file my_file.txt (compact mmCIF, C-alpha atoms and all ligand atoms)
# COMPACT_ATOMS: atom_id res chain seq x y z
CA MET V 1 -13.00 -13.84 25.23
CA LYS V 2 -10.63 -10.93 25.54
CA VAL V 3 -9.31 -10.21 22.04
CA GLY V 4 -6.55 -7.75 21.15
CA ILE V 5 -6.32 -5.62 18.01
CA LEU V 6 -2.95 -4.33 16.78
CA THR V 7 -1.95 -2.27 13.74
CA GLY V 8 1.63 -2.76 12.55
CA GLY V 9 3.94 -1.30 9.89
CA GLY V 10 3.24 1.84 7.84
CA ASP V 11 -0.28 3.20 8.11
CA ALA V 12 -2.82 2.81 5.30
CA PRO V 13 -6.24 4.45 4.86
CA GLY V 14 -8.75 1.92 6.19
CA LEU V 15 -6.89 0.83 9.33
CA ASN V 16 -9.46 2.61 11.47
CA GLY V 17 -12.19 0.89 9.46
CA ILE V 18 -10.70 -2.49 10.40
CA ILE V 19 -10.48 -1.44 14.07
CA GLU V 20 -14.04 -0.13 14.12
CA SER V 21 -15.68 -3.00 12.28
CA ALA V 22 -13.78 -5.78 14.09
CA THR V 23 -14.51 -4.11 17.44
CA ARG V 24 -18.20 -3.63 16.67
CA ALA V 25 -18.55 -7.25 15.53
CA LEU V 26 -16.63 -8.67 18.52
CA LEU V 27 -18.62 -6.57 21.00
CA ASN V 28 -21.85 -7.75 19.37
CA MET V 29 -20.69 -11.33 19.92
CA GLY V 30 -20.16 -10.57 23.61
CA HIS V 31 -16.36 -10.36 23.64
CA GLU V 32 -14.09 -7.80 25.27
CA VAL V 33 -11.77 -5.90 22.93
CA VAL V 34 -8.40 -4.39 23.81
CA GLY V 35 -6.39 -2.10 21.52
CA ILE V 36 -2.60 -2.48 21.52
CA CYS V 37 -0.98 0.94 21.19
CA ASP V 38 1.87 1.75 18.77
CA GLY V 39 2.28 -1.66 17.14
CA PHE V 40 4.72 -4.06 18.81
CA GLU V 41 5.86 -1.31 21.18
CA GLY V 42 2.51 -1.59 22.92
CA ILE V 43 3.12 -5.29 23.61
CA TYR V 44 6.66 -4.78 24.94
CA GLU V 45 5.60 -1.83 27.07
CA GLY V 46 2.12 -3.08 28.04
CA LYS V 47 0.44 -0.03 26.45
CA THR V 48 -3.19 -0.84 25.70
CA MET V 49 -6.57 0.88 25.54
CA PRO V 50 -10.09 -0.51 25.96
CA LEU V 51 -11.91 -0.62 22.63
CA THR V 52 -15.51 0.21 23.43
CA LEU V 53 -18.18 1.30 20.99
CA ASP V 54 -17.65 4.91 22.11
CA ALA V 55 -13.89 4.60 21.54
CA VAL V 56 -14.20 3.44 17.94
CA ARG V 57 -17.44 4.99 16.67
CA GLY V 58 -16.89 7.09 13.55
CA SER V 59 -13.16 6.39 13.30
CA HIS V 60 -13.61 4.46 10.01
CA ALA V 61 -13.92 7.80 8.17
CA PHE V 62 -10.33 8.85 8.94
CA ALA V 63 -6.92 7.74 7.74
CA GLY V 64 -4.18 6.90 10.22
CA THR V 65 -4.85 4.50 13.07
CA LEU V 66 -6.35 5.43 16.40
CA LEU V 67 -4.10 2.80 18.01
CA GLY V 68 -0.88 4.21 16.58
CA THR V 69 1.59 2.03 14.68
CA SER V 70 5.30 1.52 14.26
CA ASN V 71 7.51 -0.02 11.61
CA ARG V 72 10.61 0.08 13.76
CA SER V 73 10.47 -2.62 16.43
CA GLY V 74 10.43 -6.29 15.41
CA THR V 75 10.60 -9.54 17.35
CA GLU V 76 13.90 -10.97 16.09
CA GLY V 77 16.06 -11.87 19.08
CA ARG V 78 13.28 -10.62 21.38
CA GLU V 79 10.88 -13.55 21.02
CA LYS V 80 10.94 -14.55 24.73
CA GLU V 81 10.53 -10.93 25.84
CA PHE V 82 7.59 -10.56 23.45
CA GLN V 83 5.98 -13.76 24.67
CA ALA V 84 6.28 -12.79 28.34
CA ALA V 85 4.92 -9.29 27.73
CA TYR V 86 2.08 -10.66 25.61
CA GLU V 87 1.08 -13.22 28.25
CA LYS V 88 0.75 -10.42 30.82
CA LEU V 89 -2.00 -8.86 28.69
CA GLY V 90 -4.21 -11.92 29.27
CA LEU V 91 -5.51 -12.03 25.71
CA GLU V 92 -7.13 -15.07 24.11
CA GLY V 93 -5.89 -13.99 20.68
CA LEU V 94 -4.83 -11.12 18.51
CA ILE V 95 -6.25 -9.55 15.32
CA VAL V 96 -3.45 -7.83 13.44
CA ALA V 97 -3.70 -5.52 10.44
CA GLY V 98 -0.22 -5.50 8.96
CA GLY V 99 2.05 -6.35 6.07
CA ASP V 100 4.11 -9.45 5.42
CA GLY V 101 6.91 -8.16 7.69
CA THR V 102 4.55 -7.77 10.65
CA PHE V 103 3.11 -11.27 10.15
CA ARG V 104 6.58 -12.81 9.75
CA CYS V 105 7.64 -11.30 13.09
CA LEU V 106 4.50 -12.66 14.79
CA GLN V 107 4.80 -16.12 13.25
CA ALA V 108 8.10 -16.40 15.13
CA ILE V 109 6.22 -16.25 18.45
CA GLU V 110 5.36 -19.75 19.57
CA GLY V 111 1.72 -20.46 20.34
CA LEU V 112 0.44 -16.99 19.41
CA LYS V 113 -3.21 -17.12 18.34
CA LEU V 114 -3.35 -14.77 15.43
CA ILE V 115 -5.79 -13.52 12.79
CA GLY V 116 -4.27 -11.37 10.04
CA VAL V 117 -5.71 -8.63 7.87
CA PRO V 118 -3.34 -7.88 4.95
CA LYS V 119 -2.52 -4.17 4.72
CA THR V 120 -0.50 -1.92 2.42
CA ILE V 121 -1.34 0.92 0.07
CA ASP V 122 1.13 -0.71 -2.35
CA ASN V 123 -1.32 -3.54 -3.19
CA ASP V 124 1.56 -5.98 -3.56
CA LEU V 125 0.83 -8.59 -0.90
CA SER V 126 0.49 -12.16 -2.08
CA GLY V 127 -2.60 -14.25 -1.37
CA THR V 128 -5.12 -11.44 -1.83
CA ASP V 129 -6.40 -9.76 -5.00
CA VAL V 130 -6.33 -6.33 -3.39
CA THR V 131 -5.27 -4.65 -0.16
CA PHE V 132 -7.21 -1.89 1.56
CA GLY V 133 -5.74 1.60 1.22
CA TYR V 134 -4.83 0.96 -2.40
CA ASP V 135 -8.01 2.47 -3.83
CA THR V 136 -7.54 5.59 -1.69
CA ALA V 137 -3.90 5.93 -2.75
CA CYS V 138 -4.94 5.69 -6.42
CA SER V 139 -7.61 8.31 -5.91
CA VAL V 140 -5.04 10.70 -4.37
CA VAL V 141 -2.81 10.16 -7.42
CA SER V 142 -5.61 10.68 -9.92
CA GLU V 143 -6.93 13.80 -8.17
CA ALA V 144 -3.40 15.22 -8.08
CA ILE V 145 -2.95 14.51 -11.78
CA ASP V 146 -6.28 16.13 -12.67
CA SER V 147 -5.05 19.28 -10.90
CA LEU V 148 -1.48 19.15 -12.18
CA ARG V 149 -2.64 18.80 -15.76
CA THR V 150 -4.02 22.36 -15.61
CA THR V 151 -0.65 23.88 -14.76
CA ALA V 152 1.15 21.57 -17.20
CA VAL V 153 -1.13 22.72 -20.00
CA ALA V 154 -1.01 26.39 -18.93
CA HIS V 155 2.81 26.43 -19.03
CA LYS V 156 3.31 23.89 -21.84
CA ARG V 157 5.33 21.75 -19.44
CA ILE V 158 5.91 18.13 -18.64
CA VAL V 159 5.03 17.26 -15.05
CA VAL V 160 6.46 14.04 -13.62
CA VAL V 161 4.37 12.76 -10.71
CA GLU V 162 6.22 10.34 -8.43
CA THR V 163 4.01 7.92 -6.55
CA MET V 164 4.62 5.51 -3.69
CA GLY V 165 4.68 1.77 -4.16
CA ARG V 166 8.14 0.88 -2.93
CA THR V 167 9.16 -1.69 -5.54
CA SER V 168 5.79 -2.31 -7.13
CA GLY V 169 3.91 -0.26 -9.72
CA TRP V 170 0.27 -0.82 -8.77
CA ILE V 171 -0.34 2.71 -7.46
CA ALA V 172 1.29 4.41 -10.46
CA LEU V 173 -0.61 2.13 -12.83
CA GLY V 174 -4.02 2.43 -11.13
CA GLY V 175 -3.74 6.17 -10.43
CA GLY V 176 -2.25 6.89 -13.85
CA MET V 177 -4.95 4.94 -15.68
CA ALA V 178 -7.75 6.54 -13.65
CA SER V 179 -6.60 9.99 -14.69
CA MET V 180 -5.42 9.05 -18.18
CA ALA V 181 -1.84 10.16 -17.67
CA ASP V 182 0.26 10.36 -20.84
CA ALA V 183 2.95 7.97 -19.62
CA ILE V 184 3.28 5.53 -16.72
CA MET V 185 6.62 4.19 -15.48
CA ILE V 186 6.59 1.15 -13.21
CA PRO V 187 9.48 -0.92 -11.81
CA GLU V 188 8.21 -4.10 -13.42
CA ARG V 189 8.69 -2.70 -16.94
CA PRO V 190 12.11 -1.19 -17.71
CA ILE V 191 11.67 2.13 -19.49
CA ASP V 192 12.54 2.06 -23.20
CA LEU V 193 14.19 5.48 -23.16
CA SER V 194 14.61 5.82 -26.89
CA ALA V 195 10.94 4.95 -27.53
CA PHE V 196 9.98 7.37 -24.75
CA LYS V 197 11.99 10.17 -26.38
CA THR V 198 10.30 9.54 -29.73
CA PHE V 199 6.89 9.52 -27.97
CA LEU V 200 7.57 12.88 -26.29
CA LEU V 201 8.93 14.50 -29.47
CA GLU V 202 5.79 13.45 -31.32
CA LYS V 203 3.55 14.79 -28.52
CA HIS V 204 5.52 18.05 -28.51
CA LYS V 205 4.18 18.83 -31.99
CA SER V 206 0.56 19.04 -30.89
CA GLN V 207 0.08 18.74 -27.13
CA ARG V 208 0.58 21.58 -24.63
CA GLY V 209 1.12 19.66 -21.39
CA ILE V 210 2.21 16.15 -20.50
CA ILE V 211 1.75 14.11 -17.34
CA VAL V 212 4.19 11.30 -16.63
CA VAL V 213 3.50 9.11 -13.60
CA ALA V 214 6.54 7.34 -12.19
CA SER V 215 6.38 4.79 -9.41
CA GLU V 216 9.09 5.44 -6.81
CA GLY V 217 10.55 2.03 -7.64
CA ALA V 218 10.89 2.70 -11.39
CA THR V 219 14.41 3.09 -12.70
CA LEU V 220 16.19 4.60 -15.70
CA GLU V 221 18.43 1.52 -15.71
CA GLN V 222 17.57 -1.09 -18.30
CA SER V 223 17.40 -4.00 -15.89
CA VAL V 224 15.97 -4.33 -12.42
CA GLU V 225 17.69 -6.35 -9.73
CA ARG V 226 16.20 -8.06 -6.73
CA GLU V 227 17.37 -7.98 -3.14
CA LEU V 228 16.12 -9.32 0.19
CA ASP V 229 14.35 -6.69 2.30
CA LYS V 230 14.60 -6.53 6.10
CA SER V 231 11.75 -9.01 6.52
CA GLY V 232 13.44 -11.52 4.20
CA ALA V 233 11.20 -11.00 1.14
CA SER V 234 12.77 -10.79 -2.31
CA VAL V 235 11.95 -7.32 -3.69
CA LEU V 236 12.96 -5.30 -6.73
CA VAL V 237 15.79 -2.86 -6.05
CA ALA V 238 14.36 0.66 -6.13
CA ASP V 239 16.15 3.61 -7.72
CA TYR V 240 14.78 6.30 -5.42
CA GLY V 241 14.39 9.85 -6.71
CA ILE V 242 13.02 8.73 -10.07
CA GLY V 243 10.71 11.78 -10.41
CA GLU V 244 13.62 14.20 -10.27
CA LYS V 245 15.92 12.00 -12.39
CA LEU V 246 13.29 11.57 -15.07
CA SER V 247 12.42 15.25 -15.29
CA LYS V 248 16.14 16.11 -15.60
CA TRP V 249 16.56 13.43 -18.25
CA ILE V 250 13.62 14.89 -20.21
CA GLU V 251 15.03 18.42 -20.13
CA GLU V 252 18.46 17.13 -21.23
CA GLN V 253 17.06 15.05 -24.06
CA ILE V 254 14.44 17.36 -25.53
CA ASP V 255 13.76 21.04 -25.44
CA TRP V 256 10.72 20.80 -23.18
CA GLU V 257 10.53 22.25 -19.69
CA ALA V 258 9.82 19.69 -17.00
CA ARG V 259 8.89 19.76 -13.30
CA HIS V 260 8.45 16.94 -10.83
CA ILE V 261 6.38 16.42 -7.73
CA VAL V 262 6.64 13.68 -5.10
CA LEU V 263 3.18 12.82 -3.72
CA GLY V 264 4.72 10.88 -0.82
CA HIS V 265 2.74 10.37 2.36
CA LEU V 266 -0.30 12.28 1.06
CA GLN V 267 -1.15 8.92 -0.52
CA ARG V 268 -1.39 7.37 2.93
CA SER V 269 -3.22 10.13 4.75
CA HIS V 270 -6.36 10.76 2.71
CA PRO V 271 -9.72 9.67 4.22
CA PRO V 272 -10.54 6.20 2.86
CA THR V 273 -12.69 5.99 -0.25
CA THR V 274 -16.05 4.18 -0.05
CA THR V 275 -14.47 1.19 -1.79
CA ASP V 276 -11.84 0.96 0.95
CA ARG V 277 -14.47 1.52 3.65
CA PHE V 278 -16.60 -1.31 2.33
CA LEU V 279 -13.56 -3.57 2.08
CA THR V 280 -12.39 -2.83 5.62
CA SER V 281 -15.88 -3.24 7.06
CA ALA V 282 -16.10 -6.70 5.52
CA MET V 283 -12.51 -7.66 6.42
CA GLY V 284 -12.93 -6.52 10.03
CA ILE V 285 -16.13 -8.54 10.40
CA ILE V 286 -14.57 -11.67 8.90
CA ALA V 287 -11.53 -11.28 11.19
CA ALA V 288 -13.85 -10.99 14.19
CA ARG V 289 -15.83 -14.07 13.11
CA LEU V 290 -12.62 -16.08 12.68
CA ALA V 291 -11.53 -15.10 16.20
CA ASP V 292 -14.98 -15.95 17.59
CA GLN V 293 -14.81 -19.39 15.96
CA GLY V 294 -11.24 -19.97 17.18
CA GLN V 295 -9.97 -20.20 13.60
CA TRP V 296 -6.54 -18.82 14.49
CA GLY V 297 -3.74 -18.71 11.93
CA LYS V 298 -6.04 -17.32 9.21
CA ALA V 299 -6.07 -14.03 7.31
CA ALA V 300 -9.04 -12.16 5.80
CA ALA V 301 -8.04 -11.91 2.13
CA PHE V 302 -10.06 -10.56 -0.82
CA ILE V 303 -10.37 -13.15 -3.54
CA LYS V 304 -12.60 -12.98 -6.63
CA GLY V 305 -14.78 -10.22 -5.22
CA GLN V 306 -15.23 -11.69 -1.76
CA VAL V 307 -13.52 -11.47 1.62
CA THR V 308 -12.27 -15.00 2.18
CA PRO V 309 -10.28 -16.65 4.99
CA VAL V 310 -6.90 -17.99 3.86
CA PRO V 311 -3.99 -19.44 5.85
CA ILE V 312 -1.93 -16.51 7.10
CA GLU V 313 1.16 -17.87 5.30
CA ALA V 314 -0.64 -17.14 2.00
CA VAL V 315 -0.30 -13.37 2.53
CA MET V 316 3.37 -13.66 3.49
CA GLY V 317 4.72 -14.88 0.14
CA GLU V 318 6.86 -13.05 -2.41
CA PRO V 319 5.46 -9.55 -3.18
CA ARG V 320 2.80 -9.64 -5.88
CA ASN V 321 4.28 -7.39 -8.56
CA VAL V 322 2.48 -6.18 -11.69
CA GLU V 323 2.93 -8.79 -14.43
CA PRO V 324 4.85 -6.90 -17.18
CA ASN V 325 2.04 -7.68 -19.63
CA HIS V 326 -0.81 -7.44 -17.15
CA ARG V 327 -4.21 -6.69 -18.68
CA TRP V 328 -4.11 -3.18 -17.16
CA VAL V 329 -0.85 -2.55 -19.05
CA LYS V 330 -2.62 -3.57 -22.26
CA LEU V 331 -5.60 -1.34 -21.41
CA ALA V 332 -3.22 1.58 -20.85
CA GLN V 333 -1.57 0.91 -24.20
CA SER V 334 -4.99 0.86 -25.87
CA LEU V 335 -5.59 4.34 -24.46
CA GLY V 336 -2.34 5.54 -26.09
CA ILE V 337 -0.58 5.77 -22.73
CA PHE V 338 3.19 5.19 -22.96
CA ILE V 339 4.13 2.38 -20.61
O1 LIG V 401 4.94 0.10 1.90
C1 LIG V 401 4.10 1.19 2.06
C2 LIG V 401 4.85 2.45 1.81
O2 LIG V 401 3.91 3.48 1.89
C3 LIG V 401 5.62 2.51 0.50
O3 LIG V 401 4.78 2.79 -0.59
C4 LIG V 401 6.65 3.55 0.80
O4 LIG V 401 7.81 3.39 0.03
C5 LIG V 401 6.94 3.30 2.23
O5 LIG V 401 5.81 2.70 2.81
C6 LIG V 401 7.29 4.54 3.01
O6 LIG V 401 7.57 4.21 4.32
P1 LIG V 401 7.93 5.26 5.45
O7 LIG V 401 6.64 5.84 5.96
O8 LIG V 401 8.62 4.45 6.48
O9 LIG V 401 8.76 6.32 4.82
call {"tool": "encode", "arguments": {"input": "my_file.txt", "output": "structure tokens", "more": "lines below"}}
Ligand code: F6P
result
Amino acid sequence: MKVGILTGGGDAPGLNGIIESATRALLNMGHEVVGICDGFEGIYEGKTMPLTLDAVRGSHAFAGTLLGTSNRSGTEGREKEFQAAYEKLGLEGLIVAGGDGTFRCLQAIEGLKLIGVPKTIDNDLSGTDVTFGYDTACSVVSEAIDSLRTTAVAHKRIVVVETMGRTSGWIALGGGMASMADAIMIPERPIDLSAFKTFLLEKHKSQRGIIVVASEGATLEQSVERELDKSGASVLVADYGIGEKLSKWIEEQIDWEARHIVLGHLQRSHPPTTTDRFLTSAMGIIAARLADQGQWGKAAAFIKGQVTPVPIEAVMGEPRNVEPNHRWVKLAQSLGIFI
């Protein structure tokens, strides 16, 4: 068989691990592997590259994607054009590492033989317990906090660290817990500002520096709304710029100097952790096996500690937000973290 591999949407550490492991496994099974360049653009424009062992070897250790990706072009209104361009590539089927938006676009293409690998650093895809890239993003956050704590303590300041996560708080929660931040703000739990003020005033009596982690989707408003995103999923409405807003609010409310830092795309560009490498090795192999067995329409999810095939629709549901009273929230509270 000639099998294509495509990476779509925003990049996540581990994409190259998926490409390398799926390619290695497919080649070992005697198949030919073709990389589609730049996400859907590669299909429309017929841009591909042969994926040989030499082409992929060692790439798993780096973030980014050796195929390139794009979160701009979709398939809506271009289904026929996509189908015709895809047919020209002469592929038996396609392995795609992408998010729910990428899969939704591909589901609209009639007869496409597809295997999905759920991808986002945000960890908020349905149908899987974890997504690759998440562990790496958390480790970037916790390493940043470990460093920032030194300057916070030196200057007796509050440092607000804004993390990615769009409208979900997994990265702030995981990274904040791993580095024992003092406070964690996530979109799923409206901030009780008066309790937060009391918490900070109390800390001010004895603690030199404070680290507050705020997910980019957290808001100072007391209620969070939902809206439909461009792929049709119902997501929480983000209040972007929370790091800056929160540090200003702190300085206005209490006499304590505050700074903020936005970690941004650093969270997507760090070399994958061993946990993410192991996950992507296993997911890539399972995706290759599914293709080999002709089990199209499946995705390689991670459920109860194991990479497991699920129907691709399972990873396209409503975003999996942090339950407001999730056990990690309770663990954070037990550590004295304000959340
Ligand atoms: O969904 C993944 C993500 O990294 C979010 O955490 C973030 O809000 C968004 O992508 C950023 O996207 P872009 O690279 O298009 O700015």
call {"tool": "closest_atom_pairs", "arguments": {"input": "my_file.txt", "of": "chain V", "to": "ligand LIG 401 (chain V)", "cutoff": "7 Å", "atoms": "only C-alpha atoms and all ligand atoms", "output": "CSV"}}
result
residue,atom,partner,partner_atom,distance
V:Gly10,CA,V:LIG401,O7,5.6
V:Asn71,CA,V:LIG401,O8,6.9
V:Thr120,CA,V:LIG401,C1,5.6
V:Ile121,CA,V:LIG401,C1,5.8
V:Asp122,CA,V:LIG401,O3,5.4
V:Met164,CA,V:LIG401,O3,4.1
V:Gly165,CA,V:LIG401,O3,3.7
V:Arg166,CA,V:LIG401,O4,3.9
V:His265,CA,V:LIG401,O7,7.0
V:Arg268,CA,V:LIG401,O2,6.7
call {"tool": "closest_residue", "arguments": {"input": "my_file.txt", "among": "V:Glu162, V:Pro118, V:Glu202, V:Met29", "to": "Val310 of chain V", "atoms": "only C-alpha atoms"}}
result
V:Pro118
call {"tool": "closest_residue", "arguments": {"input": "my_file.txt", "among": "V:Ile115, V:Leu335, V:Met283, V:Val33", "to": "Gly176 of chain V", "atoms": "only C-alpha atoms"}}
result
V:Leu335
call {"tool": "closest_residue", "arguments": {"input": "my_file.txt", "among": "V:Ala300, V:Ala178, V:Val161, V:Leu220", "to": "Ala288 of chain V", "atoms": "only C-alpha atoms"}}
result
V:Ala300
call {"tool": "closest_residue", "arguments": {"input": "my_file.txt", "among": "V:Gly17, V:Gly127, V:Pro271, V:Gly264", "to": "Lys304 of chain V", "atoms": "only C-alpha atoms"}}
result
V:Gly127
call {"tool": "residues_around", "arguments": {"input": "my_file.txt", "residues": "Glu92 of chain V", "least_positions_apart": "2", "cutoff": "9 Å", "atoms": "all atoms listed in the file", "output": "list in words"}}
result
Met1, Lys2, Val3, Gly4, Gly90, Leu94 and Lys113 of chain V
call {"tool": "closest_residue", "arguments": {"input": "my_file.txt", "among": "V:Glu81, V:Asp124, V:Glu188, V:Asp100", "to": "Gly8 of chain V", "atoms": "only C-alpha atoms"}}
result
V:Asp100
call {"tool": "atom_distance", "arguments": {"input": "my_file.txt", "atom1": "atom CA of Lys156 of chain V", "atom2": "atom CA of Ser215 of chain V"}}
result
23.0 Å
call {"tool": "atom_distance", "arguments": {"input": "my_file.txt", "atom1": "atom CA of Ala195 of chain V", "atom2": "atom CA of Ile210 of chain V"}}
result
15.8 Å
call {"tool": "atom_distance", "arguments": {"input": "my_file.txt", "atom1": "atom CA of Gly64 of chain V", "atom2": "atom CA of Glu32 of chain V"}}
result
23.3 Å
call {"tool": "residues_around", "arguments": {"input": "my_file.txt", "residues": "Gly133 of chain V", "least_positions_apart": "4", "cutoff": "7 Å", "atoms": "all atoms listed in the file", "output": "ChimeraX atom specification"}}
result
/V:12-14,120-121,137,272,276
call {"tool": "residues_around", "arguments": {"input": "my_file.txt", "residues": "Ala287 of chain V", "least_positions_apart": "3", "cutoff": "9 Å", "atoms": "all atoms listed in the file", "output": "PyMOL selection string"}}
result
chain V and resi 18+22+95+115-117+282-284+290-292+298-300+309
call {"tool": "residues_around", "arguments": {"input": "my_file.txt", "residues": "segment 322-327 of chain V", "least_positions_apart": "4", "cutoff": "9 Å", "atoms": "only C-alpha atoms", "output": "VMD selection string"}}
result
chain V and resid 124 168 to 170 173 186 to 189 331 to 332
call {"tool": "write_last_selection", "arguments": {"input": "my_file.txt", "atoms": "C-alpha atoms", "output": "PDB file, keeping the file's coordinate frame"}}
result
ATOM      1  CA  ASP V 124       1.560  -5.980  -3.560  1.00  0.00           C
ATOM      2  CA  SER V 168       5.790  -2.310  -7.130  1.00  0.00           C
ATOM      3  CA  GLY V 169       3.910  -0.260  -9.720  1.00  0.00           C
ATOM      4  CA  TRP V 170       0.270  -0.820  -8.770  1.00  0.00           C
ATOM      5  CA  LEU V 173      -0.610   2.130 -12.830  1.00  0.00           C
ATOM      6  CA  ILE V 186       6.590   1.150 -13.210  1.00  0.00           C
ATOM      7  CA  PRO V 187       9.480  -0.920 -11.810  1.00  0.00           C
ATOM      8  CA  GLU V 188       8.210  -4.100 -13.420  1.00  0.00           C
ATOM      9  CA  ARG V 189       8.690  -2.700 -16.940  1.00  0.00           C
ATOM     10  CA  LEU V 331      -5.600  -1.340 -21.410  1.00  0.00           C
ATOM     11  CA  ALA V 332      -3.220   1.580 -20.850  1.00  0.00           C
TER      12      ALA V 332
END
call {"tool": "residues_near_point", "arguments": {"input": "my_file.txt", "point": "(5.5, 10.0, -23.3)", "cutoff": "7 Å", "atoms": "only C-alpha atoms", "output": "list in words"}}
result
Asp182, Ala183, Phe196, Phe199, Leu200, Val212 and Phe338 of chain V
call {"tool": "build_atoms", "arguments": {"input": "my_file.txt", "residues": "segment 92-107 of chain V", "atoms": "N, CA, C and O atoms", "output": "mmCIF file, in the frame of the given file"}}
result
data_model
loop_
_atom_site.group_PDB
_atom_site.id
_atom_site.type_symbol
_atom_site.label_atom_id
_atom_site.label_comp_id
_atom_site.auth_asym_id
_atom_site.auth_seq_id
_atom_site.Cartn_x
_atom_site.Cartn_y
_atom_site.Cartn_z
ATOM 1 N N GLU V 92 -6.888 -13.737 24.710
ATOM 2 C CA GLU V 92 -7.130 -15.070 24.110
ATOM 3 C C GLU V 92 -6.475 -15.137 22.729
ATOM 4 O O GLU V 92 -5.978 -16.169 22.303
ATOM 5 N N GLY V 93 -6.479 -14.024 22.024
ATOM 6 C CA GLY V 93 -5.890 -13.990 20.680
ATOM 7 C C GLY V 93 -5.783 -12.564 20.187
ATOM 8 O O GLY V 93 -6.253 -11.625 20.857
ATOM 9 N N LEU V 94 -5.173 -12.439 19.019
ATOM 10 C CA LEU V 94 -4.830 -11.120 18.510
ATOM 11 C C LEU V 94 -5.254 -10.987 17.042
ATOM 12 O O LEU V 94 -4.948 -11.853 16.220
ATOM 13 N N ILE V 95 -5.960 -9.889 16.726
ATOM 14 C CA ILE V 95 -6.250 -9.550 15.320
ATOM 15 C C ILE V 95 -5.238 -8.483 14.915
ATOM 16 O O ILE V 95 -5.126 -7.458 15.594
ATOM 17 N N VAL V 96 -4.518 -8.749 13.833
ATOM 18 C CA VAL V 96 -3.450 -7.830 13.440
ATOM 19 C C VAL V 96 -3.648 -7.370 12.001
ATOM 20 O O VAL V 96 -3.742 -8.194 11.084
ATOM 21 N N ALA V 97 -3.714 -6.062 11.803
ATOM 22 C CA ALA V 97 -3.700 -5.520 10.440
ATOM 23 C C ALA V 97 -2.263 -5.115 10.169
ATOM 24 O O ALA V 97 -1.723 -4.221 10.831
ATOM 25 N N GLY V 98 -1.631 -5.797 9.221
ATOM 26 C CA GLY V 98 -0.220 -5.500 8.960
ATOM 27 C C GLY V 98 0.209 -6.054 7.621
ATOM 28 O O GLY V 98 -0.573 -6.674 6.902
ATOM 29 N N GLY V 99 1.469 -5.831 7.311
ATOM 30 C CA GLY V 99 2.050 -6.350 6.070
ATOM 31 C C GLY V 99 2.773 -7.661 6.340
ATOM 32 O O GLY V 99 2.759 -8.177 7.461
ATOM 33 N N ASP V 100 3.430 -8.160 5.287
ATOM 34 C CA ASP V 100 4.110 -9.450 5.420
ATOM 35 C C ASP V 100 5.182 -9.421 6.512
ATOM 36 O O ASP V 100 5.367 -10.401 7.243
ATOM 37 N N GLY V 101 5.868 -8.267 6.667
ATOM 38 C CA GLY V 101 6.910 -8.160 7.690
ATOM 39 C C GLY V 101 6.342 -8.329 9.089
ATOM 40 O O GLY V 101 6.893 -9.059 9.923
ATOM 41 N N THR V 102 5.206 -7.677 9.343
ATOM 42 C CA THR V 102 4.550 -7.770 10.650
ATOM 43 C C THR V 102 4.155 -9.225 10.933
ATOM 44 O O THR V 102 4.403 -9.753 12.026
ATOM 45 N N PHE V 103 3.562 -9.882 9.935
ATOM 46 C CA PHE V 103 3.110 -11.270 10.150
ATOM 47 C C PHE V 103 4.305 -12.202 10.364
ATOM 48 O O PHE V 103 4.252 -13.108 11.183
ATOM 49 N N ARG V 104 5.384 -11.957 9.604
ATOM 50 C CA ARG V 104 6.580 -12.810 9.750
ATOM 51 C C ARG V 104 7.119 -12.704 11.177
ATOM 52 O O ARG V 104 7.482 -13.692 11.786
ATOM 53 N N CYS V 105 7.159 -11.487 11.709
ATOM 54 C CA CYS V 105 7.640 -11.300 13.090
ATOM 55 C C CYS V 105 6.743 -12.059 14.065
ATOM 56 O O CYS V 105 7.232 -12.683 15.005
ATOM 57 N N LEU V 106 5.431 -12.026 13.836
ATOM 58 C CA LEU V 106 4.500 -12.660 14.790
ATOM 59 C C LEU V 106 4.486 -14.174 14.655
ATOM 60 O O LEU V 106 4.262 -14.880 15.635
ATOM 61 N N GLN V 107 4.752 -14.667 13.443
ATOM 62 C CA GLN V 107 4.800 -16.120 13.250
ATOM 63 C C GLN V 107 5.939 -16.739 14.071
ATOM 64 O O GLN V 107 5.910 -17.914 14.392
#
